[in-house]
Structures are given as C-alpha cells and as structure tokens.
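Scroll down for the structure; my scribbles are underneath it.
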Number of protein chains: 2
Amino acid sequence: MSEFQVLEIKKSVFEDNDRQADALRDELKEKGIFLLNLMSSPGAGKTTTLGQTIKALKDEMTIGIMEADIDSDMDARTISETGVKVIQLHTGGMCHLDAEMTRQGLDGLDASGVDLAILENVGNLVCPAEFDTGSSKNAMILSVPEGHDKPLKYPLMFSICDVVLINKIDVMPYFDFDLEKCKEYILMRNPKAKIIPICAKTGEGMKEWTDWLRDQVKEWKQK
Amino acid sequence: MSEFQVLEIKKSVFEDNDRQADALRDELKEKGIFLLNLMSSPGAGKTTTLGQTIKALKDEMTIGIMEADIDSDMDARTISETGVKVIQLHTGGMCHLDAEMTRQGLDGLDASGVDLAILENVGNLVCPAEFDTGSSKNAMILSVPEGHDKPLKYPLMFSICDVVLINKIDVMPYFDFDLEKCKEYILMRNPKAKIIPICAKTGEGMKEWTDWLRDQVKEWKQK
C-alpha cells in the first residue's frame, strides 16, 4: 500500500522571496541537501521522468520527493511506489511554489539525511518561473507534442533553467517538431542551458540526465 | 504581408473582477458580440484550432481575434494570414487575462461590428480559470499527449468550461490515453460540459465544434 503524507501549503507571509530563497539555499548547502526544482507544462511527463530518475539513483543516495499539486494526490501515490520518501503538497489553487512554501514542504517531508530532494512544481510554464524556490538547480521538461516554439513564447521559464529535458522524443515522427530549432531557441534564451533529449517511457537519454544530476549532487555536497 | 497591432496590456486597477466581467458581458450582449475565451496548456493546439475555426466560419460572420501572450507575436502573425481582424496582446509576464484586460483588448481590436470575438488566453491551466474575462462562453482544449488525468489535477479549469475540445486524437495510438476515462473525469468536474474530440490538423471533429460555436453565436445574438 502506498503511504505518504498530504500537506496543505499555507500562503507565504514573506514579501522578499529572493531573500527567503537565498537563506533556504544556504541552509540546504550546509546540510548537504541538493534541491532540484522540476517544472513543466501540464502533462509534459514530470512524474514519469521522476519515477525513472528515482529508479536510477535510489541505490546511490537518499532521495526525498515533494509533489506539488492544486488538489489531487495522484503523483505522490505513483512516486510512493518507488519506495522513496514522498510528500504531497496541496497548493490550494496557488499556481506556483515560492521559497517559504518549499520550506514548509521540506519540513513536512523531514528532509534531514536526504541527499537529493526534488520538488515537482505545479504544471505551469508561467508563474513558477517567477519565484525562486531556494533550489540548488532548476530543471524543466519540454515535451515534443508542445512544439519547438515554446522557448519563444515562455521566455522566462527557459532563461532560469539550468537544464532542459526534451521529453517524448519517441513520438517525434508524428509531430512537426524541429529538434535543432528547439535547441537554438533554448540557447537564445539561455546560452548556458544544458539540453538533454529523453524519452522517460523508453529510457532513451535517461543515462545522460541521471549522470548530470548525480554530478550536480556530488558537486553541491563537496564545495 | 501580415498586419496586426501589438498592444501592451496594463495591469487592472479594479479589485472586483466579477463585477467588471458581468458589466462587460452585458455590454457585449447589447452590441451583439459573442466573446469566446479559449484556454489550454502550452502547446495543446489553440492557434491551430483557431485557424481552422476561422476558415470554417469567416464567410458567415465577422470574426475578431485577440492573441494573448507573455511576449511573442507568433500567434497573431499566424492568425493574420486567415484575413480576419487580429490583435496581439502582450501580458508582460502576467499569467492570465481578467475582464478589464480583455476590455483593453476589445478596444484595441475595435470589436464593433464583430459577431464572434475570440480571446486566445495565455497557455496555462491554472490562473486563467480563476478570472472571469466577461466572455459569453469558456472553451478549453486538452490535448491527448497531456494525458486523460488532467481533469483530476486541474479541477477549476474543467469546471468553468462550457466546452472541452480533446485535440490531437490522431496520435491517440501512440499515447496511453483513455478517452472514456477522460470524458468521465471531465463530467465529474462539470456534468454540463460539452465534450468534442477533434484533430485540428486533420479536421476530424471540427464540424461538430464549429456547428456548436455557430449555434452559440446565433443564440447570443437572438436573446
């Protein structure tokens, strides 16, 4: 049976989110917890990618997952089957998480001893980009069916992400998706972005992604 | 050459959006302008569906389109090729449109004489659901690659829409998408919702959709 807690997130009282985010990041650094903020549109494949990522890394490090959702607890249910620590965060209609809300999630999860904490943010390409969660790194998933023009239309999201996973590459033949143009548009927004085409369903590209993530966690714990 | 105006939308000064929305709806009713608010996730196919809808109806009625986007003007460029009146609304980072912002758009478009005005809202399943734009009817597009579970995860959006178009049904064989379950979940959120499976690319289902829309416009103008 799946077991996880559901936490109703409270609206933040802090006005200066950037300061809260920096403070949380410093604290996590000290405790050796790497926090990944994972964002995407609804249905781009965050939970499936997360499930595969956990399978690949859970024997090497302690992982804790925060599933943010407006209302349901489907994602926490799915993730709990992987055997890692997971908490469902209900945002109660709120379209994003900020640093203080993320802190509530980490407290609820009891992240002490966790090496890699992942926040699956609310499915939304607009609002989550505007709020620093205090994460060590930001990742986003763009799925092939959404189209290669999305970096042009949601510029902020692409500019704040350290890594962009292009998911569902198995269905590329059925969509007018130009991978090279997509990469060009992403780099236009963010020349330092790491871009990894993947298919979470078939496993394609997942090694490059989990290798990158493993390196980031190691680096974070060393410095 | 494509020709359209770009309007930088100002943040609303009104606190009571519901009152503004009702006032706008009354005004549009009096002028015989039917306003459709079209919403979806990024990349669900709003612009393609819109292009096909315009082609089907433009000889029967005067159509005006408002393309809302954070930043780009790609959609207005695409739509302007259909020959109908179009305006690009830049929300400047804002994740939704409210009634006052919609009014700015209608003024910019110069909607007098228009029978059917369509607002293509910002690609987002969360925030646009919370703000009544003053529209006559709300429509949303859910695309097959997003998954049939979305009504469970974004409940408000599905509950406020009069019609849900399930788009990209041509790729159904390549995704784990259960159409019957999807319909069941939508009706759970909104028992009155009209559900129409379509493929904007191939034209499948588009007649049922444009027939529905034509009837709505006629009814709006009669009463």
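Just remember, in the structure tokens the first chain shown is A, the second B, etc., residues are 1-based per chain, and ligands are 1-based in the order shown.
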Can you give chain B as an mmCIF file with C-alpha atoms, in the first residue's frame after you superpose it on chain A, pairing all C-alpha atoms in order for the least-squares fit?
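Saved result, superposed-v1.cif, follows:
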data_model
loop_
_atom_site.group_PDB
_atom_site.id
_atom_site.type_symbol
_atom_site.label_atom_id
_atom_site.label_comp_id
_atom_site.auth_asym_id
_atom_site.auth_seq_id
_atom_site.Cartn_x
_atom_site.Cartn_y
_atom_site.Cartn_z
ATOM 1 C CA MET B 1 0.005 0.002 0.003
ATOM 2 C CA SER B 2 1.228 3.462 -0.791
ATOM 3 C CA GLU B 3 1.922 5.665 2.180
ATOM 4 C CA PHE B 4 2.518 9.370 2.151
ATOM 5 C CA GLN B 5 1.499 12.506 3.930
ATOM 6 C CA VAL B 6 -0.613 15.242 2.384
ATOM 7 C CA LEU B 7 0.292 18.771 3.417
ATOM 8 C CA GLU B 8 -1.937 21.805 2.788
ATOM 9 C CA ILE B 9 0.537 24.555 1.989
ATOM 10 C CA LYS B 10 -0.080 27.964 3.567
ATOM 11 C CA LYS B 11 0.346 31.190 1.651
ATOM 12 C CA SER B 12 3.675 32.855 2.408
ATOM 13 C CA VAL B 13 3.797 35.826 4.720
ATOM 14 C CA PHE B 14 7.204 36.981 3.474
ATOM 15 C CA GLU B 15 7.369 39.779 0.952
ATOM 16 C CA ASP B 16 10.980 39.339 -0.057
ATOM 17 C CA ASN B 17 11.001 35.901 -1.659
ATOM 18 C CA ASP B 18 14.525 36.268 -3.064
ATOM 19 C CA ARG B 19 15.959 36.716 0.432
ATOM 20 C CA GLN B 20 13.993 33.729 1.739
ATOM 21 C CA ALA B 21 15.212 31.655 -1.197
ATOM 22 C CA ASP B 22 18.877 32.557 -0.620
ATOM 23 C CA ALA B 23 18.540 31.727 3.076
ATOM 24 C CA LEU B 24 16.969 28.356 2.313
ATOM 25 C CA ARG B 25 19.672 27.570 -0.264
ATOM 26 C CA ASP B 26 22.406 28.383 2.268
ATOM 27 C CA GLU B 27 20.770 26.155 4.858
ATOM 28 C CA LEU B 28 20.411 23.260 2.412
ATOM 29 C CA LYS B 29 24.037 23.698 1.366
ATOM 30 C CA GLU B 30 25.132 23.427 4.971
ATOM 31 C CA LYS B 31 23.045 20.302 5.483
ATOM 32 C CA GLY B 32 24.309 18.725 2.250
ATOM 33 C CA ILE B 33 20.823 18.567 0.705
ATOM 34 C CA PHE B 34 20.668 19.189 -3.035
ATOM 35 C CA LEU B 35 17.273 20.575 -4.034
ATOM 36 C CA LEU B 36 16.078 20.248 -7.628
ATOM 37 C CA ASN B 37 13.080 22.312 -8.741
ATOM 38 C CA LEU B 38 11.399 20.430 -11.593
ATOM 39 C CA MET B 39 8.983 22.394 -13.766
ATOM 40 C CA SER B 40 6.935 21.900 -16.952
ATOM 41 C CA SER B 41 3.549 22.322 -18.630
ATOM 42 C CA PRO B 42 0.752 20.013 -17.505
ATOM 43 C CA GLY B 43 1.294 16.567 -18.981
ATOM 44 C CA ALA B 44 4.895 17.018 -20.183
ATOM 45 C CA GLY B 45 5.969 13.956 -18.207
ATOM 46 C CA LYS B 46 7.347 15.237 -14.880
ATOM 47 C CA THR B 47 6.102 12.306 -12.809
ATOM 48 C CA THR B 48 7.201 9.607 -15.270
ATOM 49 C CA THR B 49 10.649 11.204 -15.610
ATOM 50 C CA LEU B 50 10.843 11.457 -11.841
ATOM 51 C CA GLY B 51 9.959 7.780 -11.400
ATOM 52 C CA GLN B 52 12.746 6.733 -13.796
ATOM 53 C CA THR B 53 15.215 9.122 -12.160
ATOM 54 C CA ILE B 54 14.484 7.654 -8.741
ATOM 55 C CA LYS B 55 14.958 4.098 -10.021
ATOM 56 C CA ALA B 56 18.363 5.027 -11.464
ATOM 57 C CA LEU B 57 19.690 6.837 -8.389
ATOM 58 C CA LYS B 58 17.993 5.476 -5.274
ATOM 59 C CA ASP B 59 20.649 2.879 -4.497
ATOM 60 C CA GLU B 60 23.378 5.544 -4.531
ATOM 61 C CA MET B 61 21.773 8.300 -2.487
ATOM 62 C CA THR B 62 18.843 9.098 -0.208
ATOM 63 C CA ILE B 63 16.054 10.725 -2.183
ATOM 64 C CA GLY B 64 13.035 12.699 -0.962
ATOM 65 C CA ILE B 65 10.234 13.900 -3.240
ATOM 66 C CA MET B 66 7.758 16.762 -2.863
ATOM 67 C CA GLU B 67 4.793 16.548 -5.227
ATOM 68 C CA ALA B 68 3.051 19.894 -5.562
ATOM 69 C CA ASP B 69 -0.445 19.903 -6.989
ATOM 70 C CA ILE B 70 -3.507 22.092 -6.808
ATOM 71 C CA ASP B 71 -5.631 19.358 -5.383
ATOM 72 C CA SER B 72 -5.079 15.668 -6.215
ATOM 73 C CA ASP B 73 -2.634 13.193 -4.681
ATOM 74 C CA MET B 74 -2.164 11.018 -7.767
ATOM 75 C CA ASP B 75 1.491 11.882 -8.243
ATOM 76 C CA ALA B 76 2.514 11.151 -4.650
ATOM 77 C CA ARG B 77 0.681 7.837 -4.925
ATOM 78 C CA THR B 78 2.648 6.962 -8.084
ATOM 79 C CA ILE B 79 5.987 8.030 -6.645
ATOM 80 C CA SER B 80 5.423 6.295 -3.295
ATOM 81 C CA GLU B 81 5.549 3.000 -5.181
ATOM 82 C CA THR B 82 9.260 3.581 -5.873
ATOM 83 C CA GLY B 83 9.885 3.251 -2.126
ATOM 84 C CA VAL B 84 11.424 6.688 -1.548
ATOM 85 C CA LYS B 85 10.195 9.278 0.917
ATOM 86 C CA VAL B 86 7.436 11.388 -0.636
ATOM 87 C CA ILE B 87 5.028 14.088 0.430
ATOM 88 C CA GLN B 88 2.076 15.563 -1.451
ATOM 89 C CA LEU B 89 1.855 19.360 -1.213
ATOM 90 C CA HIS B 90 -1.540 20.898 -1.898
ATOM 91 C CA THR B 91 -1.232 24.479 -3.050
ATOM 92 C CA GLY B 92 -4.982 25.106 -2.711
ATOM 93 C CA GLY B 93 -5.322 26.789 -6.099
ATOM 94 C CA MET B 94 -1.966 28.565 -5.985
ATOM 95 C CA CYS B 95 -0.150 28.336 -9.312
ATOM 96 C CA HIS B 96 3.438 28.094 -8.073
ATOM 97 C CA LEU B 97 5.630 27.486 -5.023
ATOM 98 C CA ASP B 98 7.905 30.095 -3.516
ATOM 99 C CA ALA B 99 10.783 29.588 -1.068
ATOM 100 C CA GLU B 100 8.683 29.671 2.090
ATOM 101 C CA MET B 101 6.201 27.191 0.654
ATOM 102 C CA THR B 102 9.106 24.951 -0.345
ATOM 103 C CA ARG B 103 10.440 25.194 3.205
ATOM 104 C CA GLN B 104 7.066 24.020 4.527
ATOM 105 C CA GLY B 105 7.349 21.073 2.148
ATOM 106 C CA LEU B 106 10.890 20.186 3.244
ATOM 107 C CA ASP B 107 9.836 20.352 6.896
ATOM 108 C CA GLY B 108 6.818 18.150 6.168
ATOM 109 C CA LEU B 109 9.001 15.682 4.280
ATOM 110 C CA ASP B 110 11.570 15.695 7.068
ATOM 111 C CA ALA B 111 14.439 16.144 4.649
ATOM 112 C CA SER B 112 17.262 15.624 7.152
ATOM 113 C CA GLY B 113 19.550 12.910 5.839
ATOM 114 C CA VAL B 114 18.256 13.366 2.305
ATOM 115 C CA ASP B 115 20.958 13.842 -0.365
ATOM 116 C CA LEU B 116 18.653 14.712 -3.237
ATOM 117 C CA ALA B 117 15.320 16.449 -2.675
ATOM 118 C CA ILE B 118 13.162 17.038 -5.739
ATOM 119 C CA LEU B 119 10.240 19.432 -5.878
ATOM 120 C CA GLU B 120 7.783 18.617 -8.641
ATOM 121 C CA ASN B 121 6.329 22.082 -9.099
ATOM 122 C CA VAL B 122 2.774 22.874 -10.304
ATOM 123 C CA GLY B 123 2.338 22.195 -14.048
ATOM 124 C CA ASN B 124 2.665 25.706 -15.437
ATOM 125 C CA LEU B 125 5.235 27.443 -17.667
ATOM 126 C CA VAL B 126 4.483 30.945 -16.407
ATOM 127 C CA CYS B 127 4.215 31.521 -12.666
ATOM 128 C CA PRO B 128 6.730 29.000 -11.238
ATOM 129 C CA ALA B 129 9.451 30.745 -13.291
ATOM 130 C CA GLU B 130 8.898 33.938 -11.324
ATOM 131 C CA PHE B 131 9.547 32.508 -7.872
ATOM 132 C CA ASP B 132 12.931 31.285 -6.665
ATOM 133 C CA THR B 133 12.188 28.225 -4.517
ATOM 134 C CA GLY B 134 15.641 28.147 -2.937
ATOM 135 C CA SER B 135 16.602 25.239 -5.171
ATOM 136 C CA SER B 136 20.190 24.291 -5.946
ATOM 137 C CA LYS B 137 19.304 23.911 -9.629
ATOM 138 C CA ASN B 138 16.235 24.415 -11.811
ATOM 139 C CA ALA B 139 15.173 21.808 -14.349
ATOM 140 C CA MET B 140 12.346 21.865 -16.825
ATOM 141 C CA ILE B 141 10.759 19.397 -19.188
ATOM 142 C CA LEU B 142 9.500 20.426 -22.605
ATOM 143 C CA SER B 143 7.681 17.629 -24.382
ATOM 144 C CA VAL B 144 7.725 17.147 -28.142
ATOM 145 C CA PRO B 145 3.922 17.477 -28.631
ATOM 146 C CA GLU B 146 4.053 21.006 -27.159
ATOM 147 C CA GLY B 147 6.115 22.248 -30.109
ATOM 148 C CA HIS B 148 9.619 23.599 -30.600
ATOM 149 C CA ASP B 149 8.487 27.229 -30.409
ATOM 150 C CA LYS B 150 7.846 27.256 -26.661
ATOM 151 C CA PRO B 151 11.146 28.978 -25.694
ATOM 152 C CA LEU B 152 9.939 31.933 -27.781
ATOM 153 C CA LYS B 153 6.587 32.066 -25.990
ATOM 154 C CA TYR B 154 7.605 31.384 -22.390
ATOM 155 C CA PRO B 155 10.976 33.133 -22.275
ATOM 156 C CA LEU B 156 11.437 33.478 -18.506
ATOM 157 C CA MET B 157 10.983 29.758 -17.795
ATOM 158 C CA PHE B 158 13.698 28.792 -20.264
ATOM 159 C CA SER B 159 16.057 31.516 -19.109
ATOM 160 C CA ILE B 160 16.035 30.410 -15.430
ATOM 161 C CA CYS B 161 16.537 26.674 -16.032
ATOM 162 C CA ASP B 162 19.968 25.057 -15.730
ATOM 163 C CA VAL B 163 18.833 22.018 -17.654
ATOM 164 C CA VAL B 164 16.047 21.444 -20.189
ATOM 165 C CA LEU B 165 14.887 17.883 -20.829
ATOM 166 C CA ILE B 166 13.163 17.459 -24.185
ATOM 167 C CA ASN B 167 10.821 14.564 -23.423
ATOM 168 C CA LYS B 168 8.692 12.187 -25.528
ATOM 169 C CA ILE B 169 11.232 12.063 -28.355
ATOM 170 C CA ASP B 170 9.764 8.658 -29.271
ATOM 171 C CA VAL B 171 6.762 10.406 -30.852
ATOM 172 C CA MET B 172 8.858 12.897 -32.829
ATOM 173 C CA PRO B 173 7.831 11.308 -36.186
ATOM 174 C CA TYR B 174 4.180 12.176 -35.521
ATOM 175 C CA PHE B 175 4.687 15.857 -34.737
ATOM 176 C CA ASP B 176 6.111 18.871 -36.589
ATOM 177 C CA PHE B 177 8.909 19.226 -34.058
ATOM 178 C CA ASP B 178 12.289 20.578 -35.158
ATOM 179 C CA LEU B 179 14.839 19.506 -32.528
ATOM 180 C CA GLU B 180 17.650 21.706 -33.869
ATOM 181 C CA LYS B 181 15.402 24.784 -33.935
ATOM 182 C CA CYS B 182 14.227 23.977 -30.429
ATOM 183 C CA LYS B 183 17.818 23.800 -29.163
ATOM 184 C CA GLU B 184 18.604 27.075 -30.939
ATOM 185 C CA TYR B 185 15.602 28.819 -29.310
ATOM 186 C CA ILE B 186 16.503 27.466 -25.858
ATOM 187 C CA LEU B 187 20.115 28.662 -26.164
ATOM 188 C CA MET B 188 18.847 32.033 -27.373
ATOM 189 C CA ARG B 189 17.051 32.385 -24.025
ATOM 190 C CA ASN B 190 19.814 30.798 -22.008
ATOM 191 C CA PRO B 191 23.228 30.162 -23.607
ATOM 192 C CA LYS B 192 24.360 28.103 -20.591
ATOM 193 C CA ALA B 193 21.400 25.711 -20.576
ATOM 194 C CA LYS B 194 22.204 22.017 -20.687
ATOM 195 C CA ILE B 195 19.802 20.349 -23.156
ATOM 196 C CA ILE B 196 19.086 16.617 -22.988
ATOM 197 C CA PRO B 197 16.586 14.897 -25.302
ATOM 198 C CA ILE B 198 14.944 11.999 -23.447
ATOM 199 C CA CYS B 199 12.100 9.556 -23.503
ATOM 200 C CA ALA B 200 11.098 8.756 -19.938
ATOM 201 C CA LYS B 201 8.859 5.959 -21.194
ATOM 202 C CA THR B 202 11.523 4.040 -23.159
ATOM 203 C CA GLY B 203 14.550 5.191 -21.141
ATOM 204 C CA GLU B 204 16.294 6.903 -24.063
ATOM 205 C CA GLY B 205 18.616 9.686 -22.906
ATOM 206 C CA MET B 206 17.930 8.958 -19.235
ATOM 207 C CA LYS B 207 21.546 7.978 -18.536
ATOM 208 C CA GLU B 208 22.858 11.350 -19.688
ATOM 209 C CA TRP B 209 20.268 13.050 -17.471
ATOM 210 C CA THR B 210 20.922 10.984 -14.347
ATOM 211 C CA ASP B 211 24.705 11.295 -14.890
ATOM 212 C CA TRP B 212 24.286 15.071 -14.980
ATOM 213 C CA LEU B 213 22.111 15.053 -11.864
ATOM 214 C CA ARG B 214 24.508 12.755 -9.957
ATOM 215 C CA ASP B 215 27.406 15.114 -10.765
ATOM 216 C CA GLN B 216 25.394 18.111 -9.542
ATOM 217 C CA VAL B 217 24.572 16.414 -6.235
ATOM 218 C CA LYS B 218 28.231 15.424 -5.705
ATOM 219 C CA GLU B 219 29.473 18.920 -6.504
ATOM 220 C CA TRP B 220 26.912 20.494 -4.161
ATOM 221 C CA LYS B 221 27.986 18.275 -1.304
ATOM 222 C CA GLN B 222 31.720 18.870 -1.884
ATOM 223 C CA LYS B 223 32.000 22.632 -2.022
#
Run DSSP on the backbone and give me the residues of range 51-91 of chain B it puts in strand (DSSP E), as a PyMOL selection string. chain B and resi 63-69+85-90
Output of the above residues as a PDB file, in the first residue's frame, restricted to C-alpha atoms:
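To be explicit, this is the file written out as part_23.pdb:
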ATOM      1  CA  ILE B  63     -14.619  37.420 -36.643  1.00  0.00           C
ATOM      2  CA  GLY B  64     -12.076  39.260 -34.488  1.00  0.00           C
ATOM      3  CA  ILE B  65      -9.206  37.541 -32.673  1.00  0.00           C
ATOM      4  CA  MET B  66      -7.214  38.573 -29.602  1.00  0.00           C
ATOM      5  CA  GLU B  67      -3.979  36.636 -29.149  1.00  0.00           C
ATOM      6  CA  ALA B  68      -2.687  36.918 -25.601  1.00  0.00           C
ATOM      7  CA  ASP B  69       0.924  36.002 -24.983  1.00  0.00           C
ATOM      8  CA  LYS B  85      -9.045  41.127 -37.749  1.00  0.00           C
ATOM      9  CA  VAL B  86      -6.432  40.216 -35.137  1.00  0.00           C
ATOM     10  CA  ILE B  87      -4.570  41.899 -32.322  1.00  0.00           C
ATOM     11  CA  GLN B  88      -1.640  40.622 -30.269  1.00  0.00           C
ATOM     12  CA  LEU B  89      -1.976  41.306 -26.536  1.00  0.00           C
ATOM     13  CA  HIS B  90       1.233  41.275 -24.520  1.00  0.00           C
TER      14      HIS B  90
END
Per DSSP on the backbone, filter chain A down to the residues in alpha helix (DSSP H) and report them as number ranges by chain. A: 17-31, 46-57, 74-80, 99-109, 150-153, 155-160, 179-189, 206-222
Store the residues picked out above, limited to C-alpha atoms, as a compact mmCIF listing (two decimals), in the first residue's frame.
# COMPACT_ATOMS: atom_id res chain seq x y z
CA ASN A 17 11.02 35.89 -1.65
CA ASP A 18 14.54 36.26 -3.05
CA ARG A 19 15.97 36.71 0.44
CA GLN A 20 14.00 33.72 1.74
CA ALA A 21 15.22 31.65 -1.20
CA ASP A 22 18.87 32.54 -0.61
CA ALA A 23 18.54 31.73 3.08
CA LEU A 24 16.97 28.35 2.31
CA ARG A 25 19.67 27.58 -0.27
CA ASP A 26 22.42 28.38 2.27
CA GLU A 27 20.78 26.15 4.85
CA LEU A 28 20.41 23.26 2.41
CA LYS A 29 24.03 23.69 1.36
CA GLU A 30 25.13 23.41 4.97
CA LYS A 31 23.04 20.28 5.49
CA LYS A 46 7.35 15.23 -14.89
CA THR A 47 6.11 12.30 -12.81
CA THR A 48 7.21 9.60 -15.27
CA THR A 49 10.65 11.20 -15.61
CA LEU A 50 10.86 11.46 -11.84
CA GLY A 51 9.96 7.78 -11.41
CA GLN A 52 12.75 6.74 -13.79
CA THR A 53 15.21 9.12 -12.16
CA ILE A 54 14.49 7.65 -8.73
CA LYS A 55 14.95 4.10 -10.01
CA ALA A 56 18.35 5.03 -11.46
CA LEU A 57 19.68 6.83 -8.38
CA MET A 74 -2.16 11.00 -7.75
CA ASP A 75 1.51 11.88 -8.24
CA ALA A 76 2.52 11.16 -4.65
CA ARG A 77 0.68 7.84 -4.92
CA THR A 78 2.65 6.96 -8.07
CA ILE A 79 6.00 8.03 -6.63
CA SER A 80 5.44 6.30 -3.29
CA ALA A 99 10.79 29.59 -1.07
CA GLU A 100 8.69 29.67 2.08
CA MET A 101 6.20 27.19 0.65
CA THR A 102 9.10 24.95 -0.35
CA ARG A 103 10.46 25.19 3.19
CA GLN A 104 7.07 24.03 4.52
CA GLY A 105 7.34 21.07 2.13
CA LEU A 106 10.89 20.18 3.24
CA ASP A 107 9.82 20.35 6.89
CA GLY A 108 6.81 18.15 6.17
CA LEU A 109 8.99 15.68 4.28
CA LYS A 150 7.85 27.25 -26.66
CA PRO A 151 11.15 28.99 -25.70
CA LEU A 152 9.93 31.93 -27.79
CA LYS A 153 6.59 32.07 -26.00
CA PRO A 155 10.98 33.14 -22.28
CA LEU A 156 11.44 33.48 -18.51
CA MET A 157 10.99 29.77 -17.80
CA PHE A 158 13.69 28.81 -20.27
CA SER A 159 16.05 31.53 -19.09
CA ILE A 160 16.04 30.43 -15.44
CA LEU A 179 14.84 19.50 -32.51
CA GLU A 180 17.63 21.70 -33.86
CA LYS A 181 15.40 24.77 -33.93
CA CYS A 182 14.22 23.99 -30.42
CA LYS A 183 17.81 23.82 -29.16
CA GLU A 184 18.60 27.07 -30.94
CA TYR A 185 15.60 28.82 -29.31
CA ILE A 186 16.50 27.48 -25.85
CA LEU A 187 20.11 28.67 -26.17
CA MET A 188 18.85 32.04 -27.39
CA ARG A 189 17.06 32.40 -24.03
CA MET A 206 17.93 8.96 -19.24
CA LYS A 207 21.54 7.97 -18.54
CA GLU A 208 22.85 11.35 -19.70
CA TRP A 209 20.26 13.04 -17.47
CA THR A 210 20.93 10.97 -14.34
CA ASP A 211 24.70 11.30 -14.88
CA TRP A 212 24.29 15.08 -14.99
CA LEU A 213 22.12 15.04 -11.86
CA ARG A 214 24.50 12.75 -9.95
CA ASP A 215 27.40 15.11 -10.75
CA GLN A 216 25.40 18.10 -9.55
CA VAL A 217 24.57 16.41 -6.24
CA LYS A 218 28.22 15.43 -5.71
CA GLU A 219 29.46 18.93 -6.52
CA TRP A 220 26.92 20.51 -4.17
CA LYS A 221 28.00 18.28 -1.29
CA GLN A 222 31.71 18.85 -1.88
